[in-house]
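work-v4.cif (mmCIF, C-alpha atoms) appears below.
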data_coords
#
loop_
_atom_site.label_atom_id
_atom_site.label_comp_id
_atom_site.auth_asym_id
_atom_site.auth_seq_id
_atom_site.Cartn_x
_atom_site.Cartn_y
_atom_site.Cartn_z
CA GLN A 1 0.00 0.00 0.00
CA LYS A 2 1.34 3.40 -0.99
CA GLU A 3 1.83 5.84 1.86
CA VAL A 4 -0.01 8.63 0.04
CA GLU A 5 -2.82 8.00 -2.44
CA GLN A 6 -4.11 10.66 -4.82
CA ASP A 7 -6.56 10.30 -7.68
CA PRO A 8 -4.64 11.33 -10.81
CA GLY A 9 -7.71 12.57 -12.66
CA PRO A 10 -7.75 14.24 -15.08
CA LEU A 11 -10.43 16.50 -13.70
CA SER A 12 -12.21 18.96 -16.00
CA VAL A 13 -14.58 21.61 -14.66
CA PRO A 14 -16.25 24.76 -16.02
CA GLU A 15 -15.03 28.16 -14.92
CA GLY A 16 -16.59 29.20 -11.63
CA ALA A 17 -17.04 25.66 -10.32
CA ILE A 18 -15.96 24.52 -6.87
CA VAL A 19 -13.13 22.01 -7.14
CA SER A 20 -12.35 19.35 -4.55
CA LEU A 21 -8.99 17.57 -4.64
CA ASN A 22 -8.23 14.80 -2.18
CA CYS A 23 -5.49 12.59 -0.77
CA THR A 24 -5.53 9.75 1.68
CA TYR A 25 -2.59 8.49 3.67
CA SER A 26 -1.79 5.42 5.68
CA ASN A 27 0.74 6.58 8.28
CA SER A 28 -0.93 8.34 11.20
CA ALA A 29 2.42 9.86 12.20
CA PHE A 30 2.47 12.34 9.29
CA GLN A 31 2.60 15.79 10.84
CA TYR A 32 2.79 18.40 8.08
CA PHE A 33 0.49 18.55 5.09
CA MET A 34 1.04 20.56 1.96
CA TRP A 35 -0.42 21.22 -1.45
CA TYR A 36 1.87 22.05 -4.34
CA ARG A 37 0.74 23.38 -7.72
CA GLN A 38 2.62 22.51 -10.89
CA TYR A 39 1.98 24.31 -14.14
CA SER A 40 2.89 22.62 -17.39
CA ARG A 41 6.66 22.65 -18.01
CA LYS A 42 7.34 24.16 -14.60
CA GLY A 43 8.51 22.93 -11.22
CA PRO A 44 6.03 22.50 -8.37
CA GLU A 45 5.44 25.48 -6.09
CA LEU A 46 4.00 25.50 -2.59
CA LEU A 47 0.36 26.53 -2.51
CA MET A 48 -0.72 25.82 1.05
CA TYR A 49 0.71 24.31 4.18
CA THR A 50 -0.96 23.14 7.38
CA TYR A 51 0.04 21.32 10.51
CA SER A 52 -3.13 20.51 12.42
CA SER A 53 -6.54 19.07 11.70
CA GLY A 54 -9.15 21.53 10.53
CA ASN A 55 -9.40 24.11 7.79
CA LYS A 56 -7.00 26.75 6.55
CA GLU A 57 -8.17 29.36 4.10
CA ASP A 58 -6.18 31.52 1.69
CA GLY A 59 -8.27 33.50 -0.75
CA ARG A 60 -10.15 31.07 -3.00
CA PHE A 61 -8.24 28.10 -1.62
CA THR A 62 -9.10 26.06 1.49
CA ALA A 63 -6.97 23.22 2.80
CA GLN A 64 -8.67 20.72 5.04
CA VAL A 65 -7.03 18.03 7.16
CA ASP A 66 -8.88 15.21 8.92
CA LYS A 67 -6.27 13.25 10.85
CA SER A 68 -8.82 10.82 12.27
CA SER A 69 -9.76 9.71 8.75
CA LYS A 70 -6.23 10.21 7.33
CA TYR A 71 -7.67 12.40 4.63
CA ILE A 72 -6.71 15.82 3.28
CA SER A 73 -8.50 18.02 0.79
CA LEU A 74 -7.95 21.15 -1.21
CA PHE A 75 -11.00 23.18 -2.23
CA ILE A 76 -10.87 25.82 -4.93
CA ARG A 77 -13.80 28.22 -5.05
CA ASP A 78 -14.78 30.17 -8.17
CA SER A 79 -12.23 28.24 -10.21
CA GLN A 80 -10.45 30.11 -13.00
CA PRO A 81 -8.72 28.92 -16.19
CA SER A 82 -5.47 30.05 -14.55
CA ASP A 83 -6.02 27.33 -11.92
CA SER A 84 -5.45 24.70 -14.62
CA ALA A 85 -2.44 22.76 -13.35
CA THR A 86 -1.44 19.55 -11.62
CA TYR A 87 -1.98 19.62 -7.85
CA LEU A 88 0.22 17.47 -5.66
CA CYS A 89 -0.39 16.73 -2.03
CA ALA A 90 2.68 16.19 0.13
CA MET A 91 3.29 15.10 3.70
CA VAL A 92 6.17 15.01 6.13
CA LEU A 93 6.96 12.54 8.87
CA MET A 94 9.29 14.40 11.16
CA GLY A 95 12.10 12.37 12.65
CA ARG A 96 12.14 10.05 9.65
CA SER A 97 14.33 10.65 6.63
CA GLN A 98 15.22 14.11 7.89
CA GLY A 99 11.84 15.60 7.06
CA ASN A 100 11.68 14.51 3.45
CA LEU A 101 8.39 15.06 1.68
CA ILE A 102 6.24 12.17 0.50
CA PHE A 103 4.27 13.28 -2.56
CA GLY A 104 1.02 12.03 -3.99
CA LYS A 105 1.05 11.35 -7.73
CA GLY A 106 -0.82 14.57 -8.50
CA THR A 107 -4.25 15.40 -9.92
CA LYS A 108 -4.39 17.20 -13.25
CA LEU A 109 -7.05 19.91 -13.24
CA SER A 110 -8.42 21.71 -16.26
CA VAL A 111 -10.76 24.68 -15.84
CA LYS A 112 -12.65 25.46 -19.05
CA PRO A 113 -13.69 29.06 -19.84
CA GLU B 1 15.65 36.80 -7.49
CA ALA B 2 15.53 33.66 -5.34
CA GLN B 3 15.79 30.64 -7.57
CA VAL B 4 16.97 27.13 -8.21
CA THR B 5 18.71 26.81 -11.57
CA GLN B 6 19.11 23.55 -13.43
CA ASN B 7 21.08 22.83 -16.57
CA PRO B 8 20.58 21.54 -19.13
CA ARG B 9 16.82 21.97 -19.45
CA TYR B 10 16.62 19.45 -22.27
CA LEU B 11 19.06 16.72 -23.20
CA ILE B 12 19.04 13.76 -25.54
CA THR B 13 21.87 11.32 -25.04
CA VAL B 14 22.79 7.71 -25.75
CA THR B 15 23.13 4.73 -23.47
CA GLY B 16 26.37 4.69 -21.53
CA LYS B 17 27.48 8.27 -22.15
CA LYS B 18 28.17 9.90 -18.79
CA LEU B 19 26.31 13.10 -18.09
CA THR B 20 25.88 15.61 -15.30
CA VAL B 21 22.85 17.74 -14.56
CA THR B 22 23.83 20.80 -12.58
CA CYS B 23 21.75 22.45 -9.87
CA SER B 24 22.49 25.73 -8.15
CA GLN B 25 20.48 27.72 -5.60
CA ASN B 26 21.03 31.29 -4.44
CA MET B 27 19.00 31.16 -1.20
CA ASN B 28 21.74 29.79 1.11
CA HIS B 29 19.61 26.70 1.75
CA GLU B 30 21.16 23.83 3.65
CA TYR B 31 18.88 21.12 2.23
CA MET B 32 18.90 20.12 -1.43
CA SER B 33 17.28 17.20 -3.19
CA TRP B 34 16.83 15.57 -6.59
CA TYR B 35 13.55 14.09 -7.83
CA ARG B 36 12.43 12.37 -10.98
CA GLN B 37 8.89 12.69 -12.25
CA ASP B 38 7.35 10.01 -14.43
CA PRO B 39 3.76 9.61 -15.70
CA GLY B 40 1.75 7.47 -13.32
CA LEU B 41 4.55 7.39 -10.75
CA GLY B 42 4.64 10.98 -9.56
CA LEU B 43 7.66 12.62 -7.92
CA ARG B 44 10.20 10.22 -6.53
CA GLN B 45 13.24 11.25 -4.55
CA ILE B 46 16.64 10.18 -5.87
CA TYR B 47 19.14 11.69 -3.42
CA TYR B 48 19.14 14.46 -0.87
CA SER B 49 21.69 16.47 1.05
CA MET B 50 21.29 18.01 4.48
CA ASN B 51 24.40 20.18 4.10
CA VAL B 52 27.85 20.32 2.52
CA GLU B 53 29.49 16.88 2.31
CA VAL B 54 26.32 15.20 3.69
CA THR B 55 24.28 13.19 1.19
CA ASP B 56 21.86 10.30 1.47
CA LYS B 57 19.82 8.02 -0.75
CA GLY B 58 16.19 8.66 -1.49
CA ASP B 59 13.71 6.16 -2.83
CA VAL B 60 15.24 5.54 -6.27
CA PRO B 61 19.03 6.10 -6.08
CA GLU B 62 20.17 3.26 -8.39
CA GLY B 63 22.17 4.51 -11.36
CA TYR B 64 22.75 7.98 -9.94
CA LYS B 65 25.47 9.75 -8.00
CA VAL B 66 25.54 13.13 -6.30
CA SER B 67 28.05 15.32 -4.56
CA ARG B 68 27.77 18.39 -2.33
CA LYS B 69 31.10 20.16 -2.22
CA GLU B 70 29.59 23.64 -2.00
CA LYS B 71 26.43 24.77 -0.28
CA ARG B 72 24.87 26.26 -3.42
CA ASN B 73 25.55 23.37 -5.85
CA PHE B 74 24.19 19.83 -5.96
CA PRO B 75 24.97 18.10 -9.28
CA LEU B 76 23.30 14.85 -10.35
CA ILE B 77 25.60 12.44 -12.15
CA LEU B 78 24.52 9.60 -14.41
CA GLU B 79 27.69 7.53 -14.87
CA SER B 80 26.22 5.16 -17.48
CA PRO B 81 22.73 6.31 -18.46
CA SER B 82 20.16 3.75 -19.55
CA PRO B 83 16.79 4.22 -21.29
CA ASN B 84 14.91 3.65 -18.01
CA GLN B 85 16.46 6.91 -16.77
CA THR B 86 14.53 8.84 -19.39
CA SER B 87 12.54 11.20 -17.20
CA LEU B 88 11.86 14.73 -16.03
CA TYR B 89 14.28 15.67 -13.26
CA PHE B 90 13.79 18.34 -10.62
CA CYS B 91 16.23 19.82 -8.16
CA ALA B 92 14.82 21.44 -5.03
CA SER B 93 16.09 23.22 -1.93
CA ARG B 94 14.83 24.52 1.40
CA ARG B 95 16.01 25.82 4.74
CA GLN B 96 16.89 23.06 7.14
CA GLY B 97 15.77 24.59 10.43
CA GLY B 98 12.25 25.72 11.38
CA TYR B 99 10.59 23.32 8.96
CA THR B 100 7.83 24.88 6.85
CA GLY B 101 7.56 22.38 4.04
CA GLU B 102 8.41 24.88 1.36
CA LEU B 103 10.62 23.23 -1.14
CA PHE B 104 11.78 25.52 -3.93
CA PHE B 105 11.98 23.66 -7.22
CA GLY B 106 13.95 24.31 -10.34
CA GLU B 107 12.32 24.42 -13.78
CA GLY B 108 13.15 20.81 -14.51
CA SER B 109 15.51 18.96 -16.84
CA ARG B 110 13.98 16.67 -19.43
CA LEU B 111 16.37 13.83 -20.19
CA THR B 112 15.98 11.29 -22.98
CA VAL B 113 18.34 8.31 -23.12
CA LEU B 114 18.33 6.46 -26.44
#
Can the structure from this file be put into structure tokens for me?
Amino acid sequence: QKEVEQDPGPLSVPEGAIVSLNCTYSNSAFQYFMWYRQYSRKGPELLMYTYSSGNKEDGRFTAQVDKSSKYISLFIRDSQPSDSATYLCAMVLMGRSQGNLIFGKGTKLSVKP
Amino acid sequence: EAQVTQNPRYLITVTGKKLTVTCSQNMNHEYMSWYRQDPGLGLRQIYYSMNVEVTDKGDVPEGYKVSRKEKRNFPLILESPSPNQTSLYFCASRRQGGYTGELFFGEGSRLTVL
């Protein structure tokens, strides 16, 4: 069983839709949870970062962590064509492998005008 | 401008011909890492370095070498490339202390081994 599971999509939505991206994980000791965004032909860049269970909001983006269910989500409100990218979840198990990130495989999102 | 610079961005080579992909960062980061990204497999870590002269294997180190002689540089060496090393490679760096999760990635190096 992979440590981090992420539906690869692709996911296609109309402009203005609410997008939900999800990851599940198996190791309850993961402590930090991140979402990276990767545009085509670019390196990933950090979008959001959270440590605890609950919600964290940043503009149109909300990151949600449910440690009891080992489930994290990224919600995008009022999606825009510029949100079209691959979204990767990532997690860190501190004290193991010097804080290296474990990435999901990424979900490719396309927002149609 | 804070950045991670990789070279070359694109390379086509043949089996067995040694090559080096360079990586340089200008943020004085202690931690640097190499990843490969393949369709259906996602980002997989090859090697990482916690600081100068300190390197360690990631999840897929076979066929690769690295060195960290200077803080800013972390080259990836393919001594005898094979077709299964055809991939998109990313170098990344971050601060080591006060962990925030923010890895800074380079633009990527697309390697094709014939």
Could you please select, counting only C-alpha atoms, the residues of chain A within 9 Å of chain B and state them as a ChimeraX atom specification?
-> /A:8,32-34,41-46,49-50,88,90-92,97-106
Once the PyMOL selection byres ((chain B and resi 64) around 8) has been applied to the shown file, what residues remain in the selection, as JSON, numbers by chain?
-> {"B": [46, 61, 62, 63, 65, 66, 76, 77, 78, 79]}
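What the PyMOL selection byres ((chain A and resi 58) around 12) grabs from this file is Leu47, Met48, Tyr49, Thr50, Asn55, Lys56, Glu57, Gly59, Arg60, Phe61, Thr62, Ala63, Gln64, Leu74, Phe75, Ile76 and Arg77 of chain A.
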Near Ser80 in chain B, counting all atoms listed in the file, which residues have an atom at most 6 Å away, once you skip same-chain residues fewer than 5 positions from it, shown as a ChimeraX atom specification?
-> /B:16-18
Using all atoms listed in the file, can you list as a ChimeraX atom specification the residues within 10 Å of (-6.7, 6.9, -4.7)?
-> /A:2,4-9,22-25,104-105
Kindly give the distance, in Å, that separates CA of Arg68 in chain B and CA of Thr22 in chain B, rounded to a single decimal.
-> 11.2 Å
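Note that the spacing between CA of Ala29 in chain A and CA of Ser93 in chain B amounts to 23.8 Å.
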Enumerate, as a PyMOL selection string, the residues matched when the PyMOL selection byres ((chain A and resi 65) around 6) is run on the file above.
-> chain A and resi 53-54+64+66+72
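You can rank B:Leu114, B:Met27, B:Met32, B:Val52 by their closest distance to Leu11 in chain B using only C-alpha atoms, and at the top of that list sits B:Leu114.
Note that the spacing between CA of Ser69 in chain A and CA of Val19 in chain A amounts to 20.4 Å.
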Which centre and edge lengths in Å to one decimal define the box along x, y and z that fits every listed atom of range 86-94 of chain B plus 5 Å per side, as AutoDock Vina command-line options?
--center_x 14.0 --center_y 16.7 --center_z -9.0 --size_x 14.4 --size_y 25.7 --size_z 30.8
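Using only C-alpha atoms, the shortest contact distance between Ile18 in chain A and any of A:Asp83, A:Leu109, A:Asp78, A:Tyr51 is found at A:Asp78.
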Could you pull range 21-55 of chain B out of the block above and give me N, CA and C atoms, as a short mmCIF file (atom, residue, chain, number, x, y, z; two decimals), in the first residue's frame?
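Contents of the output file out.cif:
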data_model
loop_
_atom_site.label_atom_id
_atom_site.label_comp_id
_atom_site.auth_asym_id
_atom_site.auth_seq_id
_atom_site.Cartn_x
_atom_site.Cartn_y
_atom_site.Cartn_z
N VAL B 21 23.85 16.69 -14.60
CA VAL B 21 22.85 17.74 -14.56
C VAL B 21 23.19 18.64 -13.38
N THR B 22 23.43 19.90 -13.66
CA THR B 22 23.83 20.80 -12.58
C THR B 22 22.62 21.43 -11.91
N CYS B 23 22.79 21.78 -10.64
CA CYS B 23 21.75 22.45 -9.87
C CYS B 23 22.43 23.46 -8.96
N SER B 24 21.93 24.68 -8.98
CA SER B 24 22.49 25.73 -8.15
C SER B 24 21.36 26.54 -7.54
N GLN B 25 21.49 26.89 -6.25
CA GLN B 25 20.48 27.72 -5.60
C GLN B 25 21.16 28.93 -4.95
N ASN B 26 20.45 30.05 -4.95
CA ASN B 26 21.03 31.29 -4.44
C ASN B 26 20.36 31.75 -3.15
N MET B 27 19.75 30.81 -2.41
CA MET B 27 19.00 31.16 -1.20
C MET B 27 19.72 30.73 0.08
N ASN B 28 20.95 30.24 -0.04
CA ASN B 28 21.74 29.79 1.11
C ASN B 28 21.05 28.66 1.88
N HIS B 29 20.32 27.82 1.13
CA HIS B 29 19.61 26.70 1.75
C HIS B 29 20.56 25.57 2.08
N GLU B 30 20.32 24.96 3.26
CA GLU B 30 21.16 23.83 3.65
C GLU B 30 20.73 22.55 2.92
N TYR B 31 19.43 22.37 2.77
CA TYR B 31 18.88 21.12 2.23
C TYR B 31 18.68 21.23 0.73
N MET B 32 19.15 20.21 0.01
CA MET B 32 18.90 20.12 -1.43
C MET B 32 18.53 18.69 -1.78
N SER B 33 17.78 18.53 -2.85
CA SER B 33 17.28 17.20 -3.19
C SER B 33 17.06 17.09 -4.69
N TRP B 34 17.15 15.87 -5.20
CA TRP B 34 16.83 15.57 -6.59
C TRP B 34 15.63 14.62 -6.64
N TYR B 35 14.72 14.93 -7.58
CA TYR B 35 13.55 14.09 -7.83
C TYR B 35 13.48 13.76 -9.31
N ARG B 36 12.84 12.64 -9.61
CA ARG B 36 12.43 12.37 -10.98
C ARG B 36 10.92 12.25 -11.01
N GLN B 37 10.35 12.70 -12.11
CA GLN B 37 8.89 12.69 -12.25
C GLN B 37 8.52 11.92 -13.50
N ASP B 38 7.75 10.87 -13.32
CA ASP B 38 7.35 10.01 -14.43
C ASP B 38 5.84 9.86 -14.43
N PRO B 39 5.23 9.77 -15.62
CA PRO B 39 3.76 9.61 -15.70
C PRO B 39 3.31 8.39 -14.92
N GLY B 40 2.29 8.58 -14.10
CA GLY B 40 1.75 7.47 -13.32
C GLY B 40 2.53 7.12 -12.07
N LEU B 41 3.71 7.70 -11.92
CA LEU B 41 4.55 7.39 -10.75
C LEU B 41 4.76 8.60 -9.86
N GLY B 42 4.51 9.78 -10.37
CA GLY B 42 4.64 10.98 -9.56
C GLY B 42 6.09 11.36 -9.33
N LEU B 43 6.32 12.16 -8.30
CA LEU B 43 7.66 12.62 -7.92
C LEU B 43 8.30 11.60 -7.00
N ARG B 44 9.49 11.16 -7.37
CA ARG B 44 10.20 10.22 -6.53
C ARG B 44 11.59 10.77 -6.22
N GLN B 45 11.97 10.66 -4.98
CA GLN B 45 13.24 11.25 -4.55
C GLN B 45 14.41 10.35 -4.89
N ILE B 46 15.46 10.94 -5.46
CA ILE B 46 16.64 10.18 -5.87
C ILE B 46 17.71 10.23 -4.77
N TYR B 47 18.16 11.43 -4.47
CA TYR B 47 19.14 11.69 -3.42
C TYR B 47 18.79 13.02 -2.76
N TYR B 48 19.27 13.19 -1.54
CA TYR B 48 19.14 14.46 -0.87
C TYR B 48 20.40 14.76 -0.08
N SER B 49 20.52 16.02 0.30
CA SER B 49 21.69 16.47 1.05
C SER B 49 21.24 17.44 2.14
N MET B 50 21.66 17.15 3.36
CA MET B 50 21.29 18.01 4.48
C MET B 50 22.23 19.22 4.59
N ASN B 51 23.44 19.08 4.05
CA ASN B 51 24.40 20.18 4.10
C ASN B 51 25.64 19.76 3.31
N VAL B 52 26.63 20.62 3.26
CA VAL B 52 27.85 20.32 2.52
C VAL B 52 28.47 19.01 3.01
N GLU B 53 28.84 18.16 2.04
CA GLU B 53 29.49 16.88 2.31
C GLU B 53 28.57 15.87 3.00
N VAL B 54 27.28 16.14 3.08
CA VAL B 54 26.32 15.20 3.69
C VAL B 54 25.25 14.86 2.67
N THR B 55 25.28 13.62 2.16
CA THR B 55 24.28 13.19 1.19
C THR B 55 23.71 11.85 1.61
#
